[in-house]
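In what follows, a structure is listed as structure tokens, so that the remarks can point back to it.
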Amino acid sequence: MKVSTQWMKDFGGQGLDVPTDKLVETIGAQLGAVEETTDLSTHYKGILVAKVVDCVDHPNADRLHVCKIDDGHKADDVERDDNGYVQVVCGAPNVREGLLVAWIPPGAVVPSSVETSEPFVLEARDLRGQKSNGMLASQKELAIGDSHEGILVIDEPAKPGDSFASIYKLNDQIIDIENKMFTHRPDCFGMLGVAREIAGISGQAFTSPAWYLNKPQLPVSGESLKLEVVNEVPELVPRFMALAIANVEIKPSPIWLQSFLSRVGVRPINNVVDATNYIMLLTAQPMHAYDYDKVRAQDKGCDHATILARRPLPDEKLELLNGKEISFGGQEIIIASASKPIGLGGVMGGASTEVDNQTKNIILECATFDMYNIRRTSMAHGIFSDAVTRFNKGQSPLQNDRVIVKCAELIKAIAGESAGYASELIDLNNVTTVTKPVVLSADFVNARLGLSLSIAIMKQLLQNVEFVVEEKDNNLSVTAPFWRTDIEIPEDVVEEIGRLYGYDQLPLVLPTRSLKPASKNTMISLKSRLSDRLAAGGANEVLTYSFVHGKLLSSVGQDSEKAFELNNALSPELQFYRVSLTPSLLEKVYPNLRSDYVRGEDNEFVLFEINKTHNKGDKDEEKLPKEWQSLALLFAADAKTAARKYQGAAYYGAKRYLSFLLQESQLNLKLVPLKDIKKADLESSTWVSQLVKPFEPGRSAVLIDELNKIRGIVGEYTAAVRQALKLPDFASGFELDISVFEDQLPGSGYIALPRFPKVEQDVTLRVPKTLEYAELFDFIWDKLDSDKPKDTFFTLVPLGIYQKDEDPKHKKVSFRLWISAYDRTLTSDVVNELLDQVSKKAEKEFGAERV
Amino acid sequence: MDYQHPRVREVAALLTDKKRLSKDGKSILRAPELGALYAEIGGLPAADRASFGKEVNKLKSELEKLVNSNDAQTKKLPDIDVTAPFDQNVEEGRRPGPLSSANGSRHPLMAEREVILDIFYRMGFKAFESRQLDDDYHMFESLNFPEGHPARDDYDTFTTTDSLIAPAHTSTMQNRVLKKLKSNLDKKQPIAAIIPDRVFRNEDMDARHEHTFYQLEGIYVDRAIHAGNLIATLKTFLQEYYGKELKVKTQPFYFPFTEPSFEFALSCPFCDGKGCNICSQSGWIELLGCGMIHPNVLREAGIDPNEFTGFAWGCGIDRLVMMKYDIEDVRHFEAAKLEFLRQFR
């Protein structure tokens, strides 16, 4: 919302006579953020009013004129003739002797170029043999509208040598205040409202002009134009006013009016349209003017014009003022003649009834539209007009009568002498709400602001912006003025008082609190513990988008039907909520392997992410989609690095990371080959069903908890995934639901250290090739545990697994055992015996042979 | 394919990889690496030449086979014993395991979240996670944004085809947290909570705008809490965070869920308010939105606004981290580029 300080000074100027930076600071602290200020006076520096005293055709050019101008001898350093006049060459068709014009002398800048990258500084120069000192300026060059047909002719009392800026109050500061601040302040979308606020926050009393405060005198109807106004949707159009004005002369507005519109960014069109815009900028109430005769012509054979507010009918269409043709969704409010739509109510007028240069009679409309309906219509049609900006904040319908009369008066004043009111002032008023006073105590206010203001001060602050305040038994009864729609509850009054008093004056004290320590969030703490652990293990924590491409889902075999889909994704790459994290990591492998960054060092890395996943199948206790707390990790190395460093399946890289992570929490999860899991178990939840999809069944294992539930997966990726995502051969990873850690306290599972020396002994067992390692290990462990001498403590680690071509049915697995007792030194005989005993049991169980 | 000679093994892995990554698989038969192997034969000790040459020939024919069989790319690898700690026939030094610690890194946003959490824990705040998929009630309605309210326009939300919402602010948790901690008030304890988590905005990306970012929500409710408490609390946090005295200022703002609402700025901690690139020479950094919780929001959570008042704020975490490390582009955060991540080792 751009405001002009000069314009606002029309209302008394309270608070405005301070340096601009001070004013901006006050507005910022007590009204809203200032986006930008423009010192207009610098744009018009040096530009003078001049009188054309002589004007002859240029001897060497058809369209140019050589003029002598009288600038009252104001300009310095300019060549003058014997009479003291200055010669300027001018190409405008309308230049002639006797005109008062705006002269931009040499050294001054053309205002329209001030804010461009190359401001145009005028100089004295030859134009086809004739000296031209500066230029006589058009409206466009003076940044007052678009008119470029001729030079601007000054239409206010002025004399040669006057500063051009002073004639049109252009020594102005334009302050652009963020619209967002006024979401609940429709009144501040007009100069009047902002002027009032500035007075208020400056601690000064403001009085609105009489025409605004008092019920208007209804204009007397002169020549009669028959006008019928109908409101078929009173619930959406609480107030609908209209008036016909006859015999208007359509022409450009006076320069002062065009100048005011231009400086706040509104393009002048013609006097009638400009008047409606001017009144909107003044009062925040949008207006519309229709060509009366065009409206009447819509309804064939009708002797009068009709405007009515209604819902659109199916198949109706409307061409808007911006040239766009729209059809309707059905929920809009339209303005129509008796037979056809002529405007999208509260949003934009129609082209067929536009006021143009041929217009003789007009209908002026001043209505209030339902803010929610306007918002929906604006969104549905993608139209964001000045009217929408104002109506969707909820303009007060109580000011319409003042506004329409003020606008009519302005049009009558600037649209030719014969213009006259031609109908009754029609007012279809369905406003039922009554402004009720809000009652609150001074304590209520002070408690919320931390202040101890007296009732008198509160009263004064509110009265400054024209609230009616009564004091009753230490209570304030506050009645908002008719233009305010935002004061409903006591807290609204608190805000008003706090803002007017100044939030920068509040006492900064911390709340008092008890000594009770805040307990930490266990899930957040868990996440940071796991991340710290993995980072210490050389892995890199990443964050990736929660949204993925449908193609990514399908390329890893996941079902996009199970994924939540966005209505309004920024791109297809961000169309679906991810159902697991793994695909997001898989996507990052190839770019990282390819990046120049890792060339030169080992081209391998471990990425992990802790984040949430969602799917359409699993719900939580709120009946909302369950948010799975997931951790995914991926280990990849390029071919060269892998060939140099590693041998065998990449699977075991990810598995080592998984053990490293689980070890931290002494968490025991059983690994079961994915290929052995029953289909029904894989469909126990949508999460599991999608989680396992990228993984190769023969080279992956699911993680099973003590309750036999699948909590994650570790493995290599299917050939299709490796191909689609351009993975190297060496790539493996895991993903698990970290809530599995939640009940598990971190701990090292510490075991007291025996004081006696330990005995170390290796054992190698030749077992059938198909025997799973874990089965063998668990068996040996259990037997060692049950058969070990009492009061001993042992450790068993794998040393190697060998499977040779010459013995294709068997493999050899070696373990190393350390064992010690707490109360004695063990002998190797005892240990050997133990191993023999265990081996025998293994032989019985698996046909294992100790070698 | 299994080869005894490490060089042959290396080239075999390299070319198999290359085959997968290139559209024209045939080029690997003319690869310079393969030619190099033949050239190396002459330089080997006489004893190795025969076996090496044999393996190179074997590699060449394997590669030809690979090139000629279209389904080779999608060939399933043999099953392995997934319960084993390492692969069979692999010596200890060649088993993959955790990389050197020196490579590891925490994500800067997550690391900073912990710094922030630590300060608020010390100030007595509890922490909650937010949701990444929520309903209209929590995102808007419970926060005094009625259906069709124009303030909803300021939150460019993503919605799903099931009418769920990708939360555009962590305030989507406000109603839940207020309800959950409401019993504190009966015990004469305040409700003091922060929610540092991921949010989404449907806006085009550039160096300063991400559709996915992290926000820090704060909520405080007790008897006789006033706007001065709000400003003091935020100032205290920021001074602790930056480790220095700061000036703060507020500008009135509008949010439907706070009344009054403010935009909160602090004097630039990087130049002490003198003006620098980080604060665009203004000396001030606009950091967050805040305000006194709207009585309708308290009421919606079953808290009597006549008895209790409170404040809330929302602050961008990405911005704090970008300023701290002078990170030039917000899009780095979600890009998972090692070049970026490993700078935070």
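In the structure tokens, chains take letters A, B, ... by order of appearance, with residues numbered from 1 within each chain and ligands from 1 in the order shown.
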
Could you please write out, as a count of residues only, every residue of segment 71-298 of chain B that DSSP assigns to strand (DSSP E or B)?
60

Test item: residues at most 8 Å from segment 207-224 of chain B, only C-alpha atoms, excluding those fewer than 3 positions along its chain, as a PDB file with N, CA and C atoms, in the first residue's frame:
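The result, stored in result-v5.pdb:
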ATOM      1  N   ALA A 447      -2.331  -6.138  32.100  1.00  0.00           N
ATOM      2  CA  ALA A 447      -1.781  -7.481  32.328  1.00  0.00           C
ATOM      3  C   ALA A 447      -1.208  -8.061  31.046  1.00  0.00           C
ATOM      4  N   ARG A 448      -1.829  -7.741  29.920  1.00  0.00           N
ATOM      5  CA  ARG A 448      -1.371  -8.316  28.663  1.00  0.00           C
ATOM      6  C   ARG A 448      -0.234  -7.542  28.021  1.00  0.00           C
ATOM      7  N   TYR A 545      14.423 -34.071   0.008  1.00  0.00           N
ATOM      8  CA  TYR A 545      13.020 -33.675  -0.006  1.00  0.00           C
ATOM      9  C   TYR A 545      12.086 -34.805   0.412  1.00  0.00           C
TER      10      TYR A 545
ATOM     11  N   HIS B 169       3.787 -24.287   8.357  1.00  0.00           N
ATOM     12  CA  HIS B 169       4.425 -23.759   9.571  1.00  0.00           C
ATOM     13  C   HIS B 169       4.347 -24.811  10.683  1.00  0.00           C
ATOM     14  N   THR B 170       5.290 -24.723  11.611  1.00  0.00           N
ATOM     15  CA  THR B 170       5.302 -25.662  12.723  1.00  0.00           C
ATOM     16  C   THR B 170       4.147 -25.379  13.687  1.00  0.00           C
ATOM     17  N   SER B 171       3.450 -24.266  13.491  1.00  0.00           N
ATOM     18  CA  SER B 171       2.277 -23.977  14.321  1.00  0.00           C
ATOM     19  C   SER B 171       1.199 -25.035  14.148  1.00  0.00           C
ATOM     20  N   GLN B 174       0.590 -26.468  17.305  1.00  0.00           N
ATOM     21  CA  GLN B 174       0.249 -25.651  18.475  1.00  0.00           C
ATOM     22  C   GLN B 174      -0.905 -26.220  19.286  1.00  0.00           C
ATOM     23  N   LEU B 185      -0.671 -26.252  33.659  1.00  0.00           N
ATOM     24  CA  LEU B 185      -1.233 -25.020  34.211  1.00  0.00           C
ATOM     25  C   LEU B 185      -1.916 -25.286  35.558  1.00  0.00           C
ATOM     26  N   GLN B 189       2.526 -24.817  36.675  1.00  0.00           N
ATOM     27  CA  GLN B 189       3.712 -24.815  35.812  1.00  0.00           C
ATOM     28  C   GLN B 189       3.300 -24.164  34.488  1.00  0.00           C
ATOM     29  N   PRO B 190       4.224 -23.461  33.851  1.00  0.00           N
ATOM     30  CA  PRO B 190       3.871 -22.889  32.550  1.00  0.00           C
ATOM     31  C   PRO B 190       3.852 -23.964  31.459  1.00  0.00           C
ATOM     32  N   ILE B 191       3.213 -23.645  30.348  1.00  0.00           N
ATOM     33  CA  ILE B 191       3.417 -24.425  29.122  1.00  0.00           C
ATOM     34  C   ILE B 191       4.580 -23.758  28.408  1.00  0.00           C
ATOM     35  N   ALA B 192       5.668 -24.478  28.272  1.00  0.00           N
ATOM     36  CA  ALA B 192       6.833 -23.904  27.582  1.00  0.00           C
ATOM     37  C   ALA B 192       7.329 -24.966  26.616  1.00  0.00           C
ATOM     38  N   ALA B 193       7.191 -24.701  25.323  1.00  0.00           N
ATOM     39  CA  ALA B 193       7.539 -25.742  24.344  1.00  0.00           C
ATOM     40  C   ALA B 193       8.137 -25.128  23.100  1.00  0.00           C
ATOM     41  N   ILE B 194       9.036 -25.885  22.492  1.00  0.00           N
ATOM     42  CA  ILE B 194       9.514 -25.506  21.160  1.00  0.00           C
ATOM     43  C   ILE B 194       9.324 -26.684  20.211  1.00  0.00           C
ATOM     44  N   ILE B 195       9.149 -26.346  18.941  1.00  0.00           N
ATOM     45  CA  ILE B 195       8.950 -27.362  17.907  1.00  0.00           C
ATOM     46  C   ILE B 195       9.895 -27.012  16.759  1.00  0.00           C
ATOM     47  N   PRO B 196      11.064 -27.624  16.721  1.00  0.00           N
ATOM     48  CA  PRO B 196      11.983 -27.333  15.616  1.00  0.00           C
ATOM     49  C   PRO B 196      11.839 -28.413  14.553  1.00  0.00           C
ATOM     50  N   ASP B 197      11.264 -28.091  13.414  1.00  0.00           N
ATOM     51  CA  ASP B 197      11.065 -29.167  12.427  1.00  0.00           C
ATOM     52  C   ASP B 197      10.832 -28.643  11.015  1.00  0.00           C
ATOM     53  N   ARG B 198      10.612 -29.599  10.147  1.00  0.00           N
ATOM     54  CA  ARG B 198      10.521 -29.355   8.703  1.00  0.00           C
ATOM     55  C   ARG B 198       9.150 -28.794   8.300  1.00  0.00           C
ATOM     56  N   VAL B 199       9.145 -27.790   7.449  1.00  0.00           N
ATOM     57  CA  VAL B 199       7.896 -27.246   6.902  1.00  0.00           C
ATOM     58  C   VAL B 199       8.038 -27.068   5.386  1.00  0.00           C
ATOM     59  N   PHE B 200       6.915 -26.808   4.747  1.00  0.00           N
ATOM     60  CA  PHE B 200       6.882 -26.762   3.284  1.00  0.00           C
ATOM     61  C   PHE B 200       6.131 -25.514   2.806  1.00  0.00           C
ATOM     62  N   ARG B 201       6.653 -24.858   1.800  1.00  0.00           N
ATOM     63  CA  ARG B 201       5.921 -23.759   1.161  1.00  0.00           C
ATOM     64  C   ARG B 201       5.965 -23.951  -0.344  1.00  0.00           C
ATOM     65  N   ASN B 202       4.810 -23.769  -0.931  1.00  0.00           N
ATOM     66  CA  ASN B 202       4.726 -23.913  -2.377  1.00  0.00           C
ATOM     67  C   ASN B 202       5.230 -22.633  -3.028  1.00  0.00           C
ATOM     68  N   GLU B 203       6.548 -22.494  -3.119  1.00  0.00           N
ATOM     69  CA  GLU B 203       7.077 -21.312  -3.788  1.00  0.00           C
ATOM     70  C   GLU B 203       8.277 -21.695  -4.635  1.00  0.00           C
ATOM     71  N   ASP B 204       8.488 -20.907  -5.669  1.00  0.00           N
ATOM     72  CA  ASP B 204       9.578 -21.217  -6.590  1.00  0.00           C
ATOM     73  C   ASP B 204      10.910 -21.055  -5.881  1.00  0.00           C
ATOM     74  N   GLU B 307      -8.026 -16.448  32.075  1.00  0.00           N
ATOM     75  CA  GLU B 307      -7.150 -16.800  33.188  1.00  0.00           C
ATOM     76  C   GLU B 307      -5.680 -16.854  32.741  1.00  0.00           C
ATOM     77  N   PHE B 308      -5.468 -17.351  31.528  1.00  0.00           N
ATOM     78  CA  PHE B 308      -4.096 -17.562  31.051  1.00  0.00           C
ATOM     79  C   PHE B 308      -3.842 -16.789  29.759  1.00  0.00           C
ATOM     80  N   THR B 309      -2.630 -16.315  29.640  1.00  0.00           N
ATOM     81  CA  THR B 309      -2.219 -15.688  28.382  1.00  0.00           C
ATOM     82  C   THR B 309      -0.883 -16.302  27.990  1.00  0.00           C
ATOM     83  N   GLY B 310      -0.518 -16.088  26.747  1.00  0.00           N
ATOM     84  CA  GLY B 310       0.740 -16.693  26.321  1.00  0.00           C
ATOM     85  C   GLY B 310       1.242 -16.077  25.038  1.00  0.00           C
ATOM     86  N   PHE B 311       2.430 -16.505  24.672  1.00  0.00           N
ATOM     87  CA  PHE B 311       2.984 -16.009  23.417  1.00  0.00           C
ATOM     88  C   PHE B 311       3.515 -17.157  22.581  1.00  0.00           C
ATOM     89  N   ALA B 312       3.735 -16.871  21.317  1.00  0.00           N
ATOM     90  CA  ALA B 312       4.247 -17.884  20.386  1.00  0.00           C
ATOM     91  C   ALA B 312       5.088 -17.174  19.341  1.00  0.00           C
ATOM     92  N   TRP B 313       6.015 -17.932  18.763  1.00  0.00           N
ATOM     93  CA  TRP B 313       6.804 -17.371  17.670  1.00  0.00           C
ATOM     94  C   TRP B 313       7.176 -18.452  16.682  1.00  0.00           C
ATOM     95  N   GLY B 314       7.587 -18.038  15.517  1.00  0.00           N
ATOM     96  CA  GLY B 314       8.072 -18.968  14.505  1.00  0.00           C
ATOM     97  C   GLY B 314       9.277 -18.358  13.804  1.00  0.00           C
ATOM     98  N   CYS B 315      10.355 -19.130  13.724  1.00  0.00           N
ATOM     99  CA  CYS B 315      11.617 -18.574  13.233  1.00  0.00           C
ATOM    100  C   CYS B 315      12.242 -19.570  12.266  1.00  0.00           C
ATOM    101  N   GLY B 316      12.844 -19.097  11.201  1.00  0.00           N
ATOM    102  CA  GLY B 316      13.479 -19.999  10.234  1.00  0.00           C
ATOM    103  C   GLY B 316      14.850 -20.449  10.714  1.00  0.00           C
ATOM    104  N   ILE B 317      15.074 -21.764  10.720  1.00  0.00           N
ATOM    105  CA  ILE B 317      16.384 -22.263  11.157  1.00  0.00           C
ATOM    106  C   ILE B 317      17.409 -22.163  10.014  1.00  0.00           C
ATOM    107  N   ASP B 318      16.963 -22.425   8.809  1.00  0.00           N
ATOM    108  CA  ASP B 318      17.875 -22.346   7.655  1.00  0.00           C
ATOM    109  C   ASP B 318      18.587 -20.992   7.614  1.00  0.00           C
ATOM    110  N   GLU B 328      25.735 -19.336   0.770  1.00  0.00           N
ATOM    111  CA  GLU B 328      25.186 -18.417  -0.228  1.00  0.00           C
ATOM    112  C   GLU B 328      23.893 -18.909  -0.850  1.00  0.00           C
ATOM    113  N   ASP B 329      23.602 -20.207  -0.718  1.00  0.00           N
ATOM    114  CA  ASP B 329      22.452 -20.722  -1.460  1.00  0.00           C
ATOM    115  C   ASP B 329      21.706 -21.746  -0.595  1.00  0.00           C
ATOM    116  N   VAL B 330      20.463 -21.436  -0.317  1.00  0.00           N
ATOM    117  CA  VAL B 330      19.677 -22.287   0.583  1.00  0.00           C
ATOM    118  C   VAL B 330      19.454 -23.677  -0.006  1.00  0.00           C
ATOM    119  N   ARG B 331      19.559 -23.783  -1.331  1.00  0.00           N
ATOM    120  CA  ARG B 331      19.290 -25.074  -1.975  1.00  0.00           C
ATOM    121  C   ARG B 331      20.348 -26.130  -1.668  1.00  0.00           C
TER     122      ARG B 331
END

Would you list which chain A residues are within 6 Å of chain B using only C-alpha atoms, as a ChimeraX atom specification?
/A:28-32,181,372,447-450,495,506-511,518,521,535-544,565-568,597,639-640,643,645-648,652-653,656,698-699,719-720,726,773-774,801-802

Option closest in space to Leu834 of chain A, from A:Lys527, A:Arg125, A:Lys788, A:Arg644 [counting only C-alpha atoms]:
A:Lys788

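When atom CA of Asp729 of chain A is paired with atom CA of Asp676 of chain A, their separation reads 24.0 Å.
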
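Counting only C-alpha atoms, the residue from B:Ser280, B:Ser267, B:Gln4, B:Asn144 that sits nearest to Ala301 of chain B is B:Asn144.
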
Calculated over only C-alpha atoms, which of the candidates A:Pro254, A:Ile47, A:Asp504, A:Leu534 has the smallest distance to Ala275 of chain A?
A:Pro254

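Counting only C-alpha atoms, the residue from A:Leu796, A:Ile610, A:Ala195, A:Val230 that sits nearest to Leu526 of chain A is A:Ile610.
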
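The gap separating atom CA of Cys407 of chain A from atom CA of Asp370 of chain A is 22.3 Å, in Å to one decimal.
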
Just asking: which residues within segment 522-759 of chain A are helix (DSSP H, G or I) according to DSSP, as a VMD selection string?
chain A and resid 522 to 536 550 to 555 560 to 562 572 to 574 582 to 587 589 to 594 596 to 598 639 to 645 651 to 664 674 to 676 679 to 682 686 to 691 719 to 724 738 to 741

Which residues, written as a ChimeraX atom specification, have at least one atom at most 8 Å from Lys182 of chain B, with only C-alpha atoms counted and residues fewer than 2 positions away on the same chain left out?
/B:178-180,184-186,191,302-303

Work out how far atom CA of Val56 of chain A is from atom CA of Gly84 of chain A, in Å to one decimal.
17.7 Å

What's around Gln217 of chain A at 12 Å? Count only C-alpha atoms, leave out sequence neighbours fewer than 6 positions away in its own chain, and write the answer as a ChimeraX atom specification.
/A:210-211,401-406,408-409,425

Name all residues at most 9 Å from Tyr38 of chain B (count only C-alpha atoms; drop same-chain ones fewer than 3 positions away) and give them as an MDAnalysis selection string.
chainID B and resid 34:35 41:42 53 56:57
